[in-house]
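Asks: The structure that follows is given in the form of structure tokens.
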Amino acid sequence: LADGMFIINPSQEEWKNGDLNLTVASTREKVIMIEAGANEVPEAKMIEAIYKAHEINQTIIAFIDKIVAEVGKEKHAYTSCAIPEEMFEEIRRLVPPEEMETAVFTDEKQVREENIRNVTAKLEEAFAEKEDWLAILDEAVYQYEKKTVRKMILKDHKRPDGRAITQIRPLAAEVDIIPRVHGSAMFTRGQTQICNVCTLAPLSEQQRIDGLDENEVSKRYMNHYNFPSYSVGETKPSRGPGRREIGHGALAERALIPVLPGEEEFPYAIRTVSETFESNGSTSMASTCASCMSLMAAGVPIKMVAGISCGLVTGETDDDYILLTDIQGLEDFFGDMDFKVTGTTEGITAIQMDIKIHGLTRPIVEGAIARCREARLFIMDNCMKPAISMPRPEVGPLAPKIISIQIDPERIGDVVGQRGKTINEIIARTGVKIDITDDGNVSVCGTDKEMMDKAVEMIQIIVTDFEEGQIFKGKVVSIKEFGAFIEFAPGKEGMVHISKIARERINRVEDVLTLGDVVTVVCLGKDRMGRISFSMKDVAQK
């Protein structure tokens with residue numbers, strides 16, 4: 001999407017600069033996959049884009065059908081591994097549907113899992129002499145539990161935790177929970193809880209990545225997502241992020257990129273880390289909410305972004321379905337869809353859709369997108385805004401401060417100096433970090449405002465064309481018989497002739513000045529040798 005127009009199969013450059021990056025996979029009748037990143041695209045425009053892509057997919061399907069007609073082969077046959085019906089009948093006799101409903105009907109994940117373990121133990125005892133049934137008992141209980149949950153939702157409109165179909169689990173949010181970091185936030189939705197920590201750094205510390213081509217890619221903003229085993233009540237060694245962790249972090253990152261300020265407005269590299277404390281469904285959307293609040297608490301000027309997941313349970317026909325707002329883990333496992341949408345009050349910033357059926361009809365897609373908008377606005381108004389309604393006006397006291405100035409690109413060499421001598425001298429004197437881009441943008445980063453201002457002053461002096469009458473402060477770095485040399489900026493010196501040191505006549509420079517003295521001088525222009533000439537005695541007249 002560029003300038004309000006859809007571009008089908010865009011080039012890399014168009015994909016990079018568009019307002020909407022959308023990938024859609026389709027069958028002849030239905031949509032089966034959606035991935036999107038967007039610059040706050042309205043819901044109606046997003047639906048239009050999805051079905052524009054679905055329409056184009058039909059031409060590709062027609063091409064595939066042509067190939068199949070010419071060289072297609074029969075599908076491979078396989079032996080069914082379904083659970084025997086007589087086993088299911090015996091399970092239903094020993095554990096009636098009402099008993100299974102009671103086992104799964106709870107809002108406590110651990111209680112439900114314990115109930116299912118008790119059901120399994122009861123059946124193991126009953127089937128002790130049937131080894132072939134015991135070998136597939138876990139799968140049979142899983143399928144029985146799945147059928148029970150799906151029937152409760154679809155026919156009885158009864159969710160396992162007792163919520164209404166459109167009801168969101170209990171919400172809680174807070175910021176500044178970790179005192180030493182630049183920004184932090186906790187977001188809780190039911191038994192899903194994410195703690196996010198934000199760290200700010202100079203732009204020079206943004207992540208550099210080797211791309212697939214010859215170009216080096218850099219990422220100014222990164223969102224990392226960790227899913228330790230304890231978050232689901234397990235114990236196992238942490239082996240680093242897997243496919244799931246990387247995917248969830250990328251989704252939360254994509255959700256927030258459209259609202260991040262530009263480098264000119266906010267010259268920082270930004271890293272957020274989402275730690276999953278507890279998980280019972282849709283941690284990626286909780287990570288989006290926690291990351292947004294953490295960024296706002298750190299002083300990053302962004303719009304508020306929230307995310308929510310919509311689930312689906314279908315019957316035997318396309319019209320027999322029910323959409324579920326804010327699915328928990330059980331509804332994700334046993335349901336047919338996990339439709340995740342993030343966005344602001346104005347529009348969508350990201351979509352990721354997982355399904356387990358042969359596609360979604362247009363009413364389902366439109367209903368899910370509408371349901372997600374309603375839910376994310378509710379989360380913003382009733383949870384996130386009470387915790388932090390606006391980004392902090394400035395970064396926190398422990399975060400690095402950055403002052404940006406613009407210099408003539410042709411003067412960059414003057415600031416850097418031969419082999420970096422000048423810039424390193426500024427850094428050594430002030431303790432700041434300095435980054436200079438090829439277009440002349442200079443960022444001075446530090447925690448001491450006085451030292452940062454001093455560094456900026458030095459840089460501005462270095463790049464300024466000296467004019468008669470300018471006043472500087474400098475240090476005496478060399479004394480000669482004819483005068484003294486004053487360093488007024490790193491690598492920049494001027495000379496005060498002996499006759500310009502004091503109002504009265506002096507015989508020796510050393511009678512007034514010593515090495516290391518800090519003096520105030522006025523510029524007299526350049527002498528015959530092209531050196532900057534200073535005067536001490538004429539300062540008071542300026």
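Following the order of the structure tokens, chains are lettered A, B, ..., residues in each are numbered from 1, and ligands are numbered from 1.
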As a PyMOL selection string, please: the residues near A:Ala370 (cut-off 10 Å, only C-alpha atoms, same-chain neighbours under 6 positions excluded).
Replies: chain A and resi 43-44+310+364
Asks: List the spatial neighbours of A:Ile194 as a PyMOL selection string - criterion: any atom at most 8 Å away, only C-alpha atoms, same-chain residues fewer than 2 positions off excluded.
Replies: chain A and resi 186-188+192+196+274-278+283+286-287+290
Asks: Quick one: write out the picked residues with N, CA and C atoms as a JSON list (two decimals), in the first residue's frame?
Replies:
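Result went into part29.json, see below:
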[["chain", "number", "residue", "atom", "x", "y", "z"],
["A", 186, "MET", "N", 4.90, -4.03, 33.69],
["A", 186, "MET", "CA", 4.32, -5.36, 33.85],
["A", 186, "MET", "C", 2.90, -5.33, 33.32],
["A", 187, "PHE", "N", 2.57, -6.33, 32.50],
["A", 187, "PHE", "CA", 1.21, -6.44, 31.97],
["A", 187, "PHE", "C", 0.70, -7.84, 32.27],
["A", 188, "THR", "N", -0.50, -7.90, 32.86],
["A", 188, "THR", "CA", -1.09, -9.18, 33.25],
["A", 188, "THR", "C", -2.48, -9.29, 32.67],
["A", 192, "THR", "N", -1.64, -14.94, 32.21],
["A", 192, "THR", "CA", -0.54, -14.56, 31.30],
["A", 192, "THR", "C", 0.06, -13.27, 31.82],
["A", 196, "ASN", "N", 8.42, -6.32, 30.96],
["A", 196, "ASN", "CA", 9.27, -5.81, 29.89],
["A", 196, "ASN", "C", 10.22, -4.75, 30.41],
["A", 274, "SER", "N", 11.17, -8.82, 26.74],
["A", 274, "SER", "CA", 9.95, -9.31, 27.40],
["A", 274, "SER", "C", 10.25, -10.63, 28.09],
["A", 275, "GLU", "N", 10.05, -10.65, 29.40],
["A", 275, "GLU", "CA", 10.24, -11.86, 30.19],
["A", 275, "GLU", "C", 8.87, -12.43, 30.53],
["A", 276, "THR", "N", 8.62, -13.66, 30.11],
["A", 276, "THR", "CA", 7.35, -14.31, 30.40],
["A", 276, "THR", "C", 7.40, -14.89, 31.81],
["A", 277, "PHE", "N", 6.64, -14.29, 32.72],
["A", 277, "PHE", "CA", 6.58, -14.79, 34.09],
["A", 277, "PHE", "C", 5.56, -15.92, 34.23],
["A", 278, "GLU", "N", 4.46, -15.81, 33.48],
["A", 278, "GLU", "CA", 3.42, -16.82, 33.52],
["A", 278, "GLU", "C", 2.73, -16.84, 32.17],
["A", 283, "THR", "N", 0.85, -14.79, 24.84],
["A", 283, "THR", "CA", 1.92, -14.01, 25.47],
["A", 283, "THR", "C", 2.50, -12.98, 24.50],
["A", 286, "ALA", "N", 0.44, -9.91, 24.99],
["A", 286, "ALA", "CA", 0.79, -9.32, 26.29],
["A", 286, "ALA", "C", 2.15, -8.65, 26.21],
["A", 287, "SER", "N", 3.07, -9.24, 25.45],
["A", 287, "SER", "CA", 4.39, -8.65, 25.25],
["A", 287, "SER", "C", 4.30, -7.31, 24.53],
["A", 290, "ALA", "N", 3.04, -4.79, 27.18],
["A", 290, "ALA", "CA", 4.08, -4.49, 28.16],
["A", 290, "ALA", "C", 5.20, -3.68, 27.53]]
Asks: Give the strand (DSSP E or B) residues of stretch 12-225 of chain A, as DSSP finds them on the backbone, and put them as a JSON list (two decimals) with N, CA, C and O atoms, in the first residue's frame.
Replies:
[["chain", "number", "residue", "atom", "x", "y", "z"],
["A", 20, "LEU", "N", 1.78, -0.61, 4.11],
["A", 20, "LEU", "CA", 1.24, -1.91, 4.48],
["A", 20, "LEU", "C", 2.06, -3.01, 3.81],
["A", 20, "LEU", "O", 2.23, -3.00, 2.59],
["A", 21, "ASN", "N", 2.57, -3.93, 4.62],
["A", 21, "ASN", "CA", 3.24, -5.13, 4.10],
["A", 21, "ASN", "C", 2.36, -6.31, 4.45],
["A", 21, "ASN", "O", 2.28, -6.72, 5.61],
["A", 22, "LEU", "N", 1.69, -6.86, 3.43],
["A", 22, "LEU", "CA", 0.69, -7.89, 3.66],
["A", 22, "LEU", "C", 0.98, -9.11, 2.81],
["A", 22, "LEU", "O", 1.22, -9.01, 1.62],
["A", 23, "THR", "N", 0.94, -10.28, 3.46],
["A", 23, "THR", "CA", 1.09, -11.56, 2.76],
["A", 23, "THR", "C", -0.15, -12.39, 3.04],
["A", 23, "THR", "O", -0.53, -12.57, 4.20],
["A", 24, "VAL", "N", -0.78, -12.89, 1.99],
["A", 24, "VAL", "CA", -2.01, -13.66, 2.11],
["A", 24, "VAL", "C", -1.88, -14.96, 1.32],
["A", 24, "VAL", "O", -1.44, -14.94, 0.17],
["A", 25, "ALA", "N", -2.27, -16.06, 1.94],
["A", 25, "ALA", "CA", -2.35, -17.34, 1.24],
["A", 25, "ALA", "C", -3.81, -17.77, 1.18],
["A", 25, "ALA", "O", -4.57, -17.53, 2.14],
["A", 26, "SER", "N", -4.21, -18.38, 0.08],
["A", 26, "SER", "CA", -5.63, -18.67, -0.13],
["A", 26, "SER", "C", -5.83, -20.04, -0.76],
["A", 26, "SER", "O", -4.95, -20.57, -1.44],
["A", 31, "VAL", "N", -9.47, -17.80, 2.79],
["A", 31, "VAL", "CA", -8.14, -17.32, 3.19],
["A", 31, "VAL", "C", -7.58, -18.27, 4.23],
["A", 31, "VAL", "O", -8.27, -18.64, 5.19],
["A", 32, "ILE", "N", -6.32, -18.67, 4.08],
["A", 32, "ILE", "CA", -5.75, -19.62, 5.03],
["A", 32, "ILE", "C", -4.55, -19.07, 5.80],
["A", 32, "ILE", "O", -4.11, -19.67, 6.78],
["A", 33, "MET", "N", -4.02, -17.92, 5.39],
["A", 33, "MET", "CA", -2.90, -17.34, 6.12],
["A", 33, "MET", "C", -2.84, -15.84, 5.88],
["A", 33, "MET", "O", -3.03, -15.38, 4.76],
["A", 34, "ILE", "N", -2.58, -15.08, 6.98],
["A", 34, "ILE", "CA", -2.41, -13.63, 6.88],
["A", 34, "ILE", "C", -1.23, -13.22, 7.75],
["A", 34, "ILE", "O", -1.15, -13.61, 8.92],
["A", 35, "GLU", "N", -0.31, -12.47, 7.18],
["A", 35, "GLU", "CA", 0.79, -11.84, 7.93],
["A", 35, "GLU", "C", 0.84, -10.38, 7.48],
["A", 35, "GLU", "O", 0.86, -10.10, 6.28],
["A", 36, "ALA", "N", 0.88, -9.45, 8.44],
["A", 36, "ALA", "CA", 0.86, -8.03, 8.05],
["A", 36, "ALA", "C", 1.61, -7.16, 9.03],
["A", 36, "ALA", "O", 1.61, -7.42, 10.23],
["A", 37, "GLY", "N", 2.25, -6.15, 8.48],
["A", 37, "GLY", "CA", 2.79, -5.04, 9.25],
["A", 37, "GLY", "C", 2.29, -3.78, 8.60],
["A", 37, "GLY", "O", 2.30, -3.66, 7.37],
["A", 38, "ALA", "N", 1.81, -2.82, 9.40],
["A", 38, "ALA", "CA", 1.12, -1.67, 8.80],
["A", 38, "ALA", "C", 1.35, -0.40, 9.61],
["A", 38, "ALA", "O", 1.55, -0.45, 10.82],
["A", 39, "ASN", "N", 1.29, 0.72, 8.90],
["A", 39, "ASN", "CA", 1.39, 2.04, 9.54],
["A", 39, "ASN", "C", -0.01, 2.54, 9.90],
["A", 39, "ASN", "O", -0.55, 3.42, 9.26],
["A", 40, "GLU", "N", -0.58, 1.91, 10.91],
["A", 40, "GLU", "CA", -1.91, 2.29, 11.41],
["A", 40, "GLU", "C", -2.95, 2.31, 10.29],
["A", 40, "GLU", "O", -3.67, 3.29, 10.09],
["A", 41, "VAL", "N", -3.03, 1.21, 9.58],
["A", 41, "VAL", "CA", -4.01, 1.09, 8.49],
["A", 41, "VAL", "C", -5.39, 0.81, 9.08],
["A", 41, "VAL", "O", -5.55, -0.11, 9.89],
["A", 171, "LEU", "N", -7.51, -7.84, 33.97],
["A", 171, "LEU", "CA", -6.34, -7.10, 33.50],
["A", 171, "LEU", "C", -5.65, -6.37, 34.65],
["A", 171, "LEU", "O", -6.31, -5.92, 35.59],
["A", 172, "ALA", "N", -4.34, -6.22, 34.53],
["A", 172, "ALA", "CA", -3.57, -5.42, 35.48],
["A", 172, "ALA", "C", -2.32, -4.91, 34.78],
["A", 172, "ALA", "O", -1.76, -5.60, 33.92],
["A", 173, "ALA", "N", -1.89, -3.71, 35.14],
["A", 173, "ALA", "CA", -0.68, -3.14, 34.53],
["A", 173, "ALA", "C", -0.04, -2.17, 35.51],
["A", 173, "ALA", "O", -0.72, -1.51, 36.29],
["A", 174, "GLU", "N", 1.29, -2.09, 35.47],
["A", 174, "GLU", "CA", 2.03, -1.12, 36.25],
["A", 174, "GLU", "C", 3.37, -0.84, 35.57],
["A", 174, "GLU", "O", 3.86, -1.66, 34.79],
["A", 175, "VAL", "N", 3.92, 0.31, 35.86],
["A", 175, "VAL", "CA", 5.21, 0.70, 35.28],
["A", 175, "VAL", "C", 6.20, 1.00, 36.40],
["A", 175, "VAL", "O", 5.83, 1.09, 37.58],
["A", 183, "GLY", "N", 13.47, 1.89, 31.58],
["A", 183, "GLY", "CA", 12.01, 1.81, 31.55],
["A", 183, "GLY", "C", 11.58, 0.39, 31.83],
["A", 183, "GLY", "O", 12.24, -0.56, 31.41],
["A", 184, "SER", "N", 10.47, 0.22, 32.53],
["A", 184, "SER", "CA", 9.98, -1.13, 32.83],
["A", 184, "SER", "C", 8.48, -1.11, 33.00],
["A", 184, "SER", "O", 7.89, -0.09, 33.37],
["A", 185, "ALA", "N", 7.85, -2.25, 32.71],
["A", 185, "ALA", "CA", 6.40, -2.36, 32.84],
["A", 185, "ALA", "C", 6.00, -3.82, 33.01],
["A", 185, "ALA", "O", 6.70, -4.72, 32.53],
["A", 186, "MET", "N", 4.90, -4.03, 33.69],
["A", 186, "MET", "CA", 4.32, -5.36, 33.85],
["A", 186, "MET", "C", 2.90, -5.33, 33.32],
["A", 186, "MET", "O", 2.12, -4.42, 33.63],
["A", 187, "PHE", "N", 2.57, -6.33, 32.50],
["A", 187, "PHE", "CA", 1.21, -6.44, 31.97],
["A", 187, "PHE", "C", 0.70, -7.84, 32.27],
["A", 187, "PHE", "O", 1.37, -8.84, 31.98],
["A", 188, "THR", "N", -0.50, -7.90, 32.86],
["A", 188, "THR", "CA", -1.09, -9.18, 33.25],
["A", 188, "THR", "C", -2.48, -9.29, 32.67],
["A", 188, "THR", "O", -3.29, -8.35, 32.76],
["A", 189, "ARG", "N", -2.77, -10.42, 32.05],
["A", 189, "ARG", "CA", -4.10, -10.71, 31.53],
["A", 189, "ARG", "C", -4.40, -12.15, 31.92],
["A", 189, "ARG", "O", -3.88, -13.10, 31.32],
["A", 192, "THR", "N", -1.64, -14.94, 32.21],
["A", 192, "THR", "CA", -0.54, -14.56, 31.30],
["A", 192, "THR", "C", 0.06, -13.27, 31.82],
["A", 192, "THR", "O", -0.64, -12.28, 31.99],
["A", 193, "GLN", "N", 1.36, -13.29, 32.10],
["A", 193, "GLN", "CA", 2.02, -12.12, 32.68],
["A", 193, "GLN", "C", 3.38, -11.90, 32.02],
["A", 193, "GLN", "O", 4.18, -12.81, 31.92],
["A", 194, "ILE", "N", 3.62, -10.66, 31.59],
["A", 194, "ILE", "CA", 4.87, -10.28, 30.92],
["A", 194, "ILE", "C", 5.48, -9.09, 31.65],
["A", 194, "ILE", "O", 4.80, -8.10, 31.93],
["A", 195, "CYS", "N", 6.77, -9.18, 31.93],
["A", 195, "CYS", "CA", 7.55, -8.04, 32.43],
["A", 195, "CYS", "C", 8.49, -7.59, 31.31],
["A", 195, "CYS", "O", 9.24, -8.42, 30.78],
["A", 196, "ASN", "N", 8.42, -6.32, 30.96],
["A", 196, "ASN", "CA", 9.27, -5.81, 29.89],
["A", 196, "ASN", "C", 10.22, -4.75, 30.41],
["A", 196, "ASN", "O", 9.83, -3.90, 31.21],
["A", 197, "VAL", "N", 11.46, -4.81, 29.95],
["A", 197, "VAL", "CA", 12.49, -3.85, 30.34],
["A", 197, "VAL", "C", 13.01, -3.16, 29.09],
["A", 197, "VAL", "O", 13.29, -3.81, 28.07],
["A", 198, "CYS", "N", 13.12, -1.83, 29.14],
["A", 198, "CYS", "CA", 13.58, -1.03, 28.01],
["A", 198, "CYS", "C", 14.94, -0.43, 28.32],
["A", 198, "CYS", "O", 15.17, 0.08, 29.42],
["A", 199, "THR", "N", 15.85, -0.50, 27.34],
["A", 199, "THR", "CA", 17.18, 0.08, 27.47],
["A", 199, "THR", "C", 17.44, 1.01, 26.29],
["A", 199, "THR", "O", 17.16, 0.66, 25.15],
["A", 200, "LEU", "N", 17.95, 2.20, 26.59],
["A", 200, "LEU", "CA", 18.26, 3.19, 25.56],
["A", 200, "LEU", "C", 19.77, 3.33, 25.43],
["A", 200, "LEU", "O", 20.50, 3.21, 26.42],
["A", 201, "ALA", "N", 20.23, 3.59, 24.22],
["A", 201, "ALA", "CA", 21.67, 3.74, 23.97],
["A", 201, "ALA", "C", 21.86, 4.65, 22.76],
["A", 201, "ALA", "O", 20.92, 4.91, 22.00],
["A", 202, "PRO", "N", 23.09, 5.14, 22.54],
["A", 202, "PRO", "CA", 23.35, 5.95, 21.34],
["A", 202, "PRO", "C", 23.09, 5.16, 20.07],
["A", 202, "PRO", "O", 23.13, 3.92, 20.06],
["A", 207, "GLN", "N", 21.94, -2.56, 16.48],
["A", 207, "GLN", "CA", 22.38, -3.90, 16.08],
["A", 207, "GLN", "C", 22.72, -3.94, 14.59],
["A", 207, "GLN", "O", 21.91, -3.52, 13.75],
["A", 208, "ARG", "N", 23.89, -4.43, 14.27],
["A", 208, "ARG", "CA", 24.27, -4.62, 12.87],
["A", 208, "ARG", "C", 24.11, -6.09, 12.51],
["A", 208, "ARG", "O", 24.52, -6.97, 13.24],
["A", 209, "ILE", "N", 23.50, -6.31, 11.35],
["A", 209, "ILE", "CA", 23.17, -7.67, 10.93],
["A", 209, "ILE", "C", 23.68, -7.89, 9.52],
["A", 209, "ILE", "O", 23.51, -7.03, 8.64],
["A", 210, "ASP", "N", 24.30, -9.01, 9.29],
["A", 210, "ASP", "CA", 24.72, -9.38, 7.94],
["A", 210, "ASP", "C", 23.50, -9.86, 7.17],
["A", 210, "ASP", "O", 22.86, -10.85, 7.53],
["A", 216, "GLU", "N", 24.88, -4.43, 4.54],
["A", 216, "GLU", "CA", 24.79, -4.64, 5.97],
["A", 216, "GLU", "C", 23.51, -4.00, 6.48],
["A", 216, "GLU", "O", 23.23, -2.85, 6.17],
["A", 217, "VAL", "N", 22.74, -4.74, 7.22],
["A", 217, "VAL", "CA", 21.47, -4.26, 7.74],
["A", 217, "VAL", "C", 21.65, -3.87, 9.19],
["A", 217, "VAL", "O", 22.39, -4.52, 9.93],
["A", 218, "SER", "N", 21.02, -2.80, 9.60],
["A", 218, "SER", "CA", 21.08, -2.40, 11.01],
["A", 218, "SER", "C", 19.66, -2.29, 11.55],
["A", 218, "SER", "O", 18.72, -1.94, 10.83],
["A", 219, "LYS", "N", 19.52, -2.60, 12.83],
["A", 219, "LYS", "CA", 18.23, -2.51, 13.50],
["A", 219, "LYS", "C", 18.37, -1.53, 14.66],
["A", 219, "LYS", "O", 19.12, -1.78, 15.61],
["A", 221, "TYR", "N", 15.74, -0.64, 16.55],
["A", 221, "TYR", "CA", 14.85, -1.12, 17.62],
["A", 221, "TYR", "C", 14.79, -2.63, 17.59],
["A", 221, "TYR", "O", 14.60, -3.24, 16.54],
["A", 222, "MET", "N", 14.96, -3.24, 18.76],
["A", 222, "MET", "CA", 14.89, -4.69, 18.87],
["A", 222, "MET", "C", 13.96, -5.06, 20.02],
["A", 222, "MET", "O", 13.97, -4.40, 21.07],
["A", 223, "ASN", "N", 13.18, -6.11, 19.82],
["A", 223, "ASN", "CA", 12.35, -6.64, 20.89],
["A", 223, "ASN", "C", 12.70, -8.10, 21.07],
["A", 223, "ASN", "O", 12.51, -8.91, 20.16],
["A", 224, "HIS", "N", 13.22, -8.43, 22.23],
["A", 224, "HIS", "CA", 13.55, -9.83, 22.54],
["A", 224, "HIS", "C", 12.46, -10.41, 23.44],
["A", 224, "HIS", "O", 11.90, -9.72, 24.30],
["A", 225, "TYR", "N", 12.18, -11.68, 23.24],
["A", 225, "TYR", "CA", 11.11, -12.37, 23.97],
["A", 225, "TYR", "C", 11.68, -13.64, 24.56],
["A", 225, "TYR", "O", 12.27, -14.47, 23.85]]
Asks: Which of stretch 297-499 of chain A counts as helix (DSSP H, G or I) under DSSP, as a PyMOL selection string please?
Replies: chain A and resi 297+329-334+362-387+409-416+418-430+449-463+498-499
Asks: So how many Å separate atom CA of A:Asp408 and atom CA of A:Gln460, to one decimal?
Replies: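 Result for atom CA of A:Asp408 versus atom CA of A:Gln460: 10.6 Å, one decimal.
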Asks: Counting only C-alpha atoms, which of A:Glu331, A:Lys340, A:Asp319, A:Val300 gets nearest to A:Pro393?
Replies: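 Answer, going by the shortest atom-to-atom distance: A:Val300.
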Asks: Find the residues around A:Val416 up to 12 Å (only C-alpha atoms counted), leave out those fewer than 3 positions away in its own chain, and share them as a list of chain:residue names.
Replies: A:Pro409, A:Glu410, A:Arg411, A:Ile412, A:Gly413, A:Arg419, A:Gly420, A:Lys421, A:Thr422, A:Ile423, A:Asn424, A:Glu425, A:Ile426, A:Ile427, A:Ile434, A:Asp435, A:Ile436, A:Thr437, A:Gly440, A:Val442, A:Met458, A:Ile459, A:Ile462, A:Val463, A:Pro490, A:Gly491
Asks: Give me, as a PyMOL selection string, all polymer residues having an atom no more than 9 Å from A:Thr430, counting only C-alpha atoms and skipping those fewer than 5 positions away in the same chain.
Replies: chain A and resi 425+448+450-452+454-455
Asks: Would you list the contacts of A:Gln328 as a PyMOL selection string, taking every protein, DNA or RNA residue within 10 Å and counting only C-alpha atoms, but skipping same-chain residues closer than 6 positions in sequence?
Replies: chain A and resi 107+109+159-161+168-169+189-192+279-283+309-311
Asks: List as CSV every residue of stretch 176-259 of chain A that is in contact with stretch 305-308 of chain A, defined as an atom at most 9 Å from one of its atoms (using only C-alpha atoms), together with the nearest atom pair and the distance in Å rounded to one decimal, sorted by chain and then rising number.
Replies:
residue,atom,partner,partner_atom,distance
A:Ala252,CA,A:Gly307,CA,8.8
A:Ala255,CA,A:Val305,CA,7.6
A:Leu256,CA,A:Val305,CA,6.9
A:Val259,CA,A:Val305,CA,8.2
Asks: Those selected residues, please, written with N, CA and C atoms and delivered as a PDB file, in the first residue's frame.
Replies:
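Generated file (result-v4.pdb):
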ATOM      1  N   ALA A 252       5.892  -8.736  18.268  1.00  0.00           N
ATOM      2  CA  ALA A 252       5.791  -7.568  19.156  1.00  0.00           C
ATOM      3  C   ALA A 252       6.627  -6.412  18.613  1.00  0.00           C
ATOM      4  N   ALA A 255       4.803  -4.830  15.717  1.00  0.00           N
ATOM      5  CA  ALA A 255       3.632  -4.092  16.171  1.00  0.00           C
ATOM      6  C   ALA A 255       3.968  -2.665  16.585  1.00  0.00           C
ATOM      7  N   LEU A 256       5.192  -2.440  17.074  1.00  0.00           N
ATOM      8  CA  LEU A 256       5.547  -1.134  17.624  1.00  0.00           C
ATOM      9  C   LEU A 256       6.377  -0.274  16.685  1.00  0.00           C
ATOM     10  N   VAL A 259       4.980   3.132  15.188  1.00  0.00           N
ATOM     11  CA  VAL A 259       4.734   4.304  16.036  1.00  0.00           C
ATOM     12  C   VAL A 259       6.015   4.857  16.660  1.00  0.00           C
TER      13      VAL A 259
END
Asks: So, with only C-alpha atoms as the atoms that count, which of A:Glu263, A:Ser231, A:Ile178, A:Glu374 lies closest to A:Ala297?
Replies: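 Closest to A:Ala297, using only C-alpha atoms: A:Ile178.
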Asks: Set the distance at 7 Å and use only C-alpha atoms: which residues neighbour A:Pro261 once local chain neighbours fewer than 3 positions away are removed? I'd like the list as an MDAnalysis selection string.
Replies: chainID A and resid 265:266 301:302
Asks: Deliver the residues from the most recent selection as a file, using C-alpha atoms, as a compact mmCIF listing (two decimals), in the first residue's frame.
Replies:
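Ended up saving to part.txt:
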# COMPACT_ATOMS: atom_id res chain seq x y z
CA GLU A 265 13.24 13.30 16.90
CA PHE A 266 14.63 10.60 19.20
CA PRO A 301 7.52 9.48 22.40
CA ILE A 302 5.16 6.87 20.94
Asks: With distances taken over only C-alpha atoms, which residue among A:Met495, A:Leu1, A:Met296, A:Val104 lies nearest A:Glu48?
Replies: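 With only C-alpha atoms as the atom set, the closest residue is A:Leu1.
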Asks: Which is closest to A:Pro179 among A:Ala298, A:Ile136, A:Ile357, A:Val341, if we use only C-alpha atoms?
Replies: A:Ala298
Asks: May I have the residues within 10 Å of A:Ile246 as a ChimeraX atom specification, using only C-alpha atoms and disregarding those fewer than 3 positions away in the same chain?
Replies: /A:223-226,240-243,249-251
